[in-house]
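K.L.:
There's a structure below that I have some questions on.
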2 protein chains.
Amino acid sequence: MKIIIDAMGGDNAPEEIVKGACLAAKEFGVHIVLVGRENEIERYLDKDADVSIVNAEEVVTMDDDPTTAMKHKKDASMTVALRLLANGEGDAMISAGSTGALLVQATLIVKRIRGVRRAALAPIMPTANGGALLIDSGANADCSPEYLQQFALMGASYTKLALGLENPRIGLLNNGTEEHKGGELQQKTYQLLKAAHEKGMINFVGNIEGRDVVFGGADVIVTDGFSGNILLKTVEGVAMFFTKELKGIFMKNIKTKLAALLVKDGIRNFKKKMDYNETGGAPLLGISKPVIKAHGSSKAYALRSAVKQAIDYVNANSIEEITRNLKEITASEDVSNAKL
Amino acid sequence: MKIIIDAMGGDNAPEEIVKGACLAAKEFGVHIVLVGRENEIERYLDKDADVSIVNAEEVVTMDDDPTTAMKHKKDASMTVALRLLANGEGDAMISAGSTGALLVQATLIVKRIRGVRRAALAPIMPTANGGALLIDSGANADCSPEYLQQFALMGASYTKLALGLENPRIGLLNNGTEEHKGGELQQKTYQLLKAAHEKGMINFVGNIEGRDVVFGGADVIVTDGFSGNILLKTVEGVAMFFTKELKGIFMKNIKTKLAALLVKDGIRNFKKKMDYNETGGAPLLGISKPVIKAHGSSKAYALRSAVKQAIDYVNANSIEEITRNLKEITASEDVSNAKL
């Protein structure tokens, strides 16, 4: 298997990206293609890792406009890496660079799966029972019920095949659990998801509130990118805030510092549970080949986890199942429309 | 001053509501009118408190449809209490009953301020620096930019006059801080808030992300009721989850229980900071007289805090300022439309 990595994207590129790529190549026995400035990449290479370099002189930065970066920087590492993927010179692509640019360029260069209206960014968010796939977490602020229906199908296939969940529970993010809750978007989407459930295509468990998301009430949280983003960043914010307050409580004086020592194992385990570095990155579901957005602040170990995720994604063939499911649901809708 | 209270609404009614009302009457020197089943209320009365009772035999429950409860239960405590307020037989009204029913009935019986398109539910959510007013937290799932502009004006007047903030910072909940962020709703609202800021009507600090809300980046968070509800319930969920995990860490064995003892003061202070009981309830901003929704699980002390809040609300005359501001912004929009 060949994994293509944008070596220049992210806050800690290229050093941590290259180091993580080398770790992964050795641990998982895959070949890695690093794309970026050859002379900078070589500095951090582990000579024993099965890695090759494709030179690209430019870098898409956070200051570039996502929609026009491709036009102005034709030789950017992200762009070249996606072109390699599109041309079949690798099985998956990973970047820790600008999310917006990656979405635009993956859509234009690698293309969406036939029939998919919008690609979505689907990270795993930490929950009480391990984590849930959040789709969409911010790629599409304005969504239609049909987009959300597709997000549900894509999320179901991905968690089933790539993450190994047997019968993933699909929940619709809403402001209450009753069927009539939410705005027009949620009410219409509810009916579409209910119909897909009745056809046996997904395991729809109904509406889910912000509170229950945290406690693990569903394995896939379906929502528009605006609300998904609010959800994700609020969880991050409260977690950061609590951690900070807790630190203050424990660091106050000798007595409290002793307390910190006495519970340090418990705190460490809890921190690990909440750690993004273990889960890797977020797949861009709906793109016709595996593309993974790694966290912008990824260090070597997080990048290594993103490679592991890319390998699972490639092995899962979930893109094939998504394609099949979309065809089926579109066909059955054509039939029901014809009946009217 | 006379405060009217729905004695039968909420999980702990009438006992805790009556007890809280009596506490408040004595502490703040106001007269309280309790509305509900006289024989039940009398059981918990403090004879030294300045309290009177208006009998009402029925109760609006969580099972009643908010939109039709008024038709089916004409003698419900909530309905009678709102009618008293509308007739000028009190200065403010408080209920811990069904939020939906209270919104519908307050709108129909007490009416909205002239020019206000939608009333909004505006609780204080706990943040790192004390709290922020969240408007709307769930009354209106689908909103227009104009509704959100009105929410901003109402939130500004309320926090300034009733909560005593000098120059409240108004933030628009969004999925990024840049001006172009969000969906159509947020982009259009941004321009309206910017215009109101330039006229000196509000102190608009721009877009605010979920993360920064928690850290106290704004005093008033303007949003549609759907996203507001996601935000609020997610904060609640993560807080509950952390508390539960922390308890688990401290309760594990003798060593960790000792640690709990050593930090108990710090934990207690932190808990108090996050406590809803201190802040009272959520005003229904946009209604032409002060109506406060107390938390459904309110005990006596929380109800007492809601009375304190009602008194501040009455004294603030913020409804007058809202009326004036709305007139001004409508007039200036008429002028600019006329120019086109």
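Chains: A, B, ... in order of the structure tokens. Residues: from 1 per chain. Ligands: from 1, in order shown.
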Taking the DSSP assignment computed from this structure's backbone, write out as an MDAnalysis selection string all residues of range 43-202 of chain B that belong to helix (DSSP H, G or I).
P.N.:
chainID B and resid 69:72 77:86 99:110 145:161 184:198
K.L.:
With 6 Å as the cut-off and only C-alpha atoms counted, what is the closest atom pair between each nearby residue of chain B and chain A? Distances in Å to one decimal, ordered by chain and number, as a Markdown table.
P.N.:
```
| residue | atom | partner | partner_atom | distance |
| --- | --- | --- | --- | --- |
| B:Ala141 | CA | A:Gly183 | CA | 4.9 |
| B:Asp142 | CA | A:Gly183 | CA | 5.3 |
| B:Asn175 | CA | A:Asn229 | CA | 5.8 |
| B:Gly182 | CA | A:Ala141 | CA | 5.8 |
| B:Gly183 | CA | A:Ala141 | CA | 4.9 |
| B:Gly210 | CA | A:Thr234 | CA | 4.4 |
| B:Arg211 | CA | A:Gly237 | CA | 4.0 |
| B:Val214 | CA | A:Gly237 | CA | 5.9 |
| B:Ser227 | CA | A:Ser227 | CA | 5.9 |
| B:Asn229 | CA | A:Asn175 | CA | 5.8 |
| B:Ile230 | CA | A:Gly210 | CA | 5.3 |
| B:Lys233 | CA | A:Gly210 | CA | 5.0 |
| B:Thr234 | CA | A:Gly210 | CA | 4.4 |
| B:Gly237 | CA | A:Arg211 | CA | 4.0 |
| B:Ile249 | CA | A:Gly266 | CA | 5.3 |
| B:Thr256 | CA | A:Val263 | CA | 5.5 |
| B:Ala259 | CA | A:Ala259 | CA | 4.1 |
| B:Leu262 | CA | A:Thr256 | CA | 5.7 |
| B:Val263 | CA | A:Thr256 | CA | 5.5 |
| B:Gly266 | CA | A:Ile249 | CA | 5.3 |
```
K.L.:
Would you list, as a list in words, the residues of range 124-279 of chain B that end up in strand (DSSP E) under DSSP run on this structure's backbone?
P.N.:
Ile124, Met125, Ala132, Leu133, Leu134, Ile135, Arg169, Ile170, Gly171, Leu172, Leu173, Asn203, Phe204, Val205, Gly206, Asn207, Ile208, Val220, Ile221 and Val222 of chain B
K.L.:
May I have the residues from that selection written out with N, CA, C and O atoms, as a PDB file, in the first residue's frame?
P.N.:
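The new file part_2.pdb reads:
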```
ATOM      1  N   ILE B 124     -28.517  32.850  31.516  1.00  0.00           N
ATOM      2  CA  ILE B 124     -27.086  33.103  31.698  1.00  0.00           C
ATOM      3  C   ILE B 124     -26.399  31.752  31.642  1.00  0.00           C
ATOM      4  O   ILE B 124     -26.759  30.847  32.400  1.00  0.00           O
ATOM      5  N   MET B 125     -25.436  31.575  30.733  1.00  0.00           N
ATOM      6  CA  MET B 125     -24.677  30.328  30.782  1.00  0.00           C
ATOM      7  C   MET B 125     -23.354  30.566  31.499  1.00  0.00           C
ATOM      8  O   MET B 125     -22.754  31.630  31.371  1.00  0.00           O
ATOM      9  N   ALA B 132     -22.437  34.446  30.579  1.00  0.00           N
ATOM     10  CA  ALA B 132     -22.840  35.221  29.403  1.00  0.00           C
ATOM     11  C   ALA B 132     -24.309  34.965  29.139  1.00  0.00           C
ATOM     12  O   ALA B 132     -24.813  33.874  29.396  1.00  0.00           O
ATOM     13  N   LEU B 133     -24.994  35.997  28.649  1.00  0.00           N
ATOM     14  CA  LEU B 133     -26.404  35.849  28.286  1.00  0.00           C
ATOM     15  C   LEU B 133     -26.476  35.191  26.911  1.00  0.00           C
ATOM     16  O   LEU B 133     -25.889  35.682  25.945  1.00  0.00           O
ATOM     17  N   LEU B 134     -27.193  34.066  26.846  1.00  0.00           N
ATOM     18  CA  LEU B 134     -27.337  33.354  25.575  1.00  0.00           C
ATOM     19  C   LEU B 134     -28.718  33.648  25.012  1.00  0.00           C
ATOM     20  O   LEU B 134     -29.728  33.292  25.618  1.00  0.00           O
ATOM     21  N   ILE B 135     -28.780  34.315  23.856  1.00  0.00           N
ATOM     22  CA  ILE B 135     -30.075  34.665  23.274  1.00  0.00           C
ATOM     23  C   ILE B 135     -30.052  34.318  21.792  1.00  0.00           C
ATOM     24  O   ILE B 135     -29.233  34.844  21.070  1.00  0.00           O
ATOM     25  N   ARG B 169     -20.378  43.289  25.755  1.00  0.00           N
ATOM     26  CA  ARG B 169     -19.801  42.872  24.470  1.00  0.00           C
ATOM     27  C   ARG B 169     -20.749  41.873  23.806  1.00  0.00           C
ATOM     28  O   ARG B 169     -21.028  40.815  24.350  1.00  0.00           O
ATOM     29  N   ILE B 170     -21.221  42.217  22.612  1.00  0.00           N
ATOM     30  CA  ILE B 170     -22.161  41.369  21.880  1.00  0.00           C
ATOM     31  C   ILE B 170     -21.386  40.539  20.858  1.00  0.00           C
ATOM     32  O   ILE B 170     -20.712  41.094  19.994  1.00  0.00           O
ATOM     33  N   GLY B 171     -21.479  39.198  20.961  1.00  0.00           N
ATOM     34  CA  GLY B 171     -20.809  38.324  19.990  1.00  0.00           C
ATOM     35  C   GLY B 171     -21.829  37.508  19.213  1.00  0.00           C
ATOM     36  O   GLY B 171     -22.872  37.138  19.736  1.00  0.00           O
ATOM     37  N   LEU B 172     -21.529  37.249  17.945  1.00  0.00           N
ATOM     38  CA  LEU B 172     -22.402  36.417  17.105  1.00  0.00           C
ATOM     39  C   LEU B 172     -21.809  35.010  17.066  1.00  0.00           C
ATOM     40  O   LEU B 172     -20.668  34.825  16.620  1.00  0.00           O
ATOM     41  N   LEU B 173     -22.552  34.012  17.554  1.00  0.00           N
ATOM     42  CA  LEU B 173     -22.043  32.636  17.558  1.00  0.00           C
ATOM     43  C   LEU B 173     -21.791  32.199  16.114  1.00  0.00           C
ATOM     44  O   LEU B 173     -22.681  32.292  15.272  1.00  0.00           O
ATOM     45  N   ASN B 203     -22.343  47.233  21.330  1.00  0.00           N
ATOM     46  CA  ASN B 203     -20.897  47.052  21.283  1.00  0.00           C
ATOM     47  C   ASN B 203     -20.621  45.677  20.683  1.00  0.00           C
ATOM     48  O   ASN B 203     -20.423  44.704  21.396  1.00  0.00           O
ATOM     49  N   PHE B 204     -20.653  45.593  19.343  1.00  0.00           N
ATOM     50  CA  PHE B 204     -20.516  44.314  18.643  1.00  0.00           C
ATOM     51  C   PHE B 204     -19.042  43.951  18.524  1.00  0.00           C
ATOM     52  O   PHE B 204     -18.264  44.683  17.918  1.00  0.00           O
ATOM     53  N   VAL B 205     -18.662  42.799  19.116  1.00  0.00           N
ATOM     54  CA  VAL B 205     -17.247  42.399  19.085  1.00  0.00           C
ATOM     55  C   VAL B 205     -16.969  41.359  18.005  1.00  0.00           C
ATOM     56  O   VAL B 205     -15.883  40.790  17.942  1.00  0.00           O
ATOM     57  N   GLY B 206     -17.956  41.090  17.148  1.00  0.00           N
ATOM     58  CA  GLY B 206     -17.719  40.177  16.024  1.00  0.00           C
ATOM     59  C   GLY B 206     -18.165  38.757  16.287  1.00  0.00           C
ATOM     60  O   GLY B 206     -18.909  38.483  17.229  1.00  0.00           O
ATOM     61  N   ASN B 207     -17.709  37.854  15.436  1.00  0.00           N
ATOM     62  CA  ASN B 207     -18.068  36.444  15.568  1.00  0.00           C
ATOM     63  C   ASN B 207     -17.352  35.809  16.748  1.00  0.00           C
ATOM     64  O   ASN B 207     -16.232  36.186  17.088  1.00  0.00           O
ATOM     65  N   ILE B 208     -18.013  34.830  17.354  1.00  0.00           N
ATOM     66  CA  ILE B 208     -17.399  34.130  18.474  1.00  0.00           C
ATOM     67  C   ILE B 208     -17.637  32.631  18.305  1.00  0.00           C
ATOM     68  O   ILE B 208     -18.738  32.200  17.972  1.00  0.00           O
ATOM     69  N   VAL B 220     -22.854  38.802  25.709  1.00  0.00           N
ATOM     70  CA  VAL B 220     -24.120  38.385  25.106  1.00  0.00           C
ATOM     71  C   VAL B 220     -23.790  37.552  23.869  1.00  0.00           C
ATOM     72  O   VAL B 220     -23.054  38.016  22.990  1.00  0.00           O
ATOM     73  N   ILE B 221     -24.302  36.319  23.833  1.00  0.00           N
ATOM     74  CA  ILE B 221     -24.071  35.443  22.688  1.00  0.00           C
ATOM     75  C   ILE B 221     -25.353  35.441  21.857  1.00  0.00           C
ATOM     76  O   ILE B 221     -26.377  34.932  22.308  1.00  0.00           O
ATOM     77  N   VAL B 222     -25.284  36.000  20.654  1.00  0.00           N
ATOM     78  CA  VAL B 222     -26.461  36.070  19.787  1.00  0.00           C
ATOM     79  C   VAL B 222     -26.463  34.869  18.848  1.00  0.00           C
ATOM     80  O   VAL B 222     -25.462  34.592  18.184  1.00  0.00           O
TER      81      VAL B 222
END
```
K.L.:
Would you kindly return, as a VMD selection string, each protein, DNA or RNA residue with an atom no farther than 12 Å from any atom of Met1 in chain A, considering only C-alpha atoms and excluding same-chain residues fewer than 2 positions away?
P.N.:
chain A and resid 3 to 4 25 28 to 33 50 to 51 88 to 93 307 to 308 310 to 315
K.L.:
Give me, as a PyMOL selection string, all polymer residues having an atom no more than 8 Å from range 288-296 of chain A, counting only C-alpha atoms and skipping those fewer than 5 positions away in the same chain.
P.N.:
chain A and resi 9-11+85-86+91-99+102+106+110-114+280-283+302-303+306+310+313-314+319
K.L.:
Please provide the set of residues having any atom within 8 Å of Gly115 in chain B, restricted to only C-alpha atoms, with same-chain residues fewer than 5 positions apart removed, written as an MDAnalysis selection string.
P.N.:
chainID B and resid 323 326:327
K.L.:
Could you turn the residues from that selection into a file that holds N, CA, C and O atoms, as a compact mmCIF listing (two decimals), in the first residue's frame?
P.N.:
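Once written, result_7.txt looks like this:
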```txt
# COMPACT_ATOMS: atom_id res chain seq x y z
N THR B 323 -37.84 49.00 23.62
CA THR B 323 -38.87 49.60 22.78
C THR B 323 -38.32 50.79 22.00
O THR B 323 -38.52 50.92 20.79
N LEU B 326 -35.70 49.67 19.32
CA LEU B 326 -36.31 49.02 18.17
C LEU B 326 -36.92 50.06 17.25
O LEU B 326 -36.80 49.98 16.03
N LYS B 327 -37.55 51.05 17.84
CA LYS B 327 -38.15 52.13 17.05
C LYS B 327 -37.07 52.82 16.23
O LYS B 327 -37.23 53.08 15.05
```
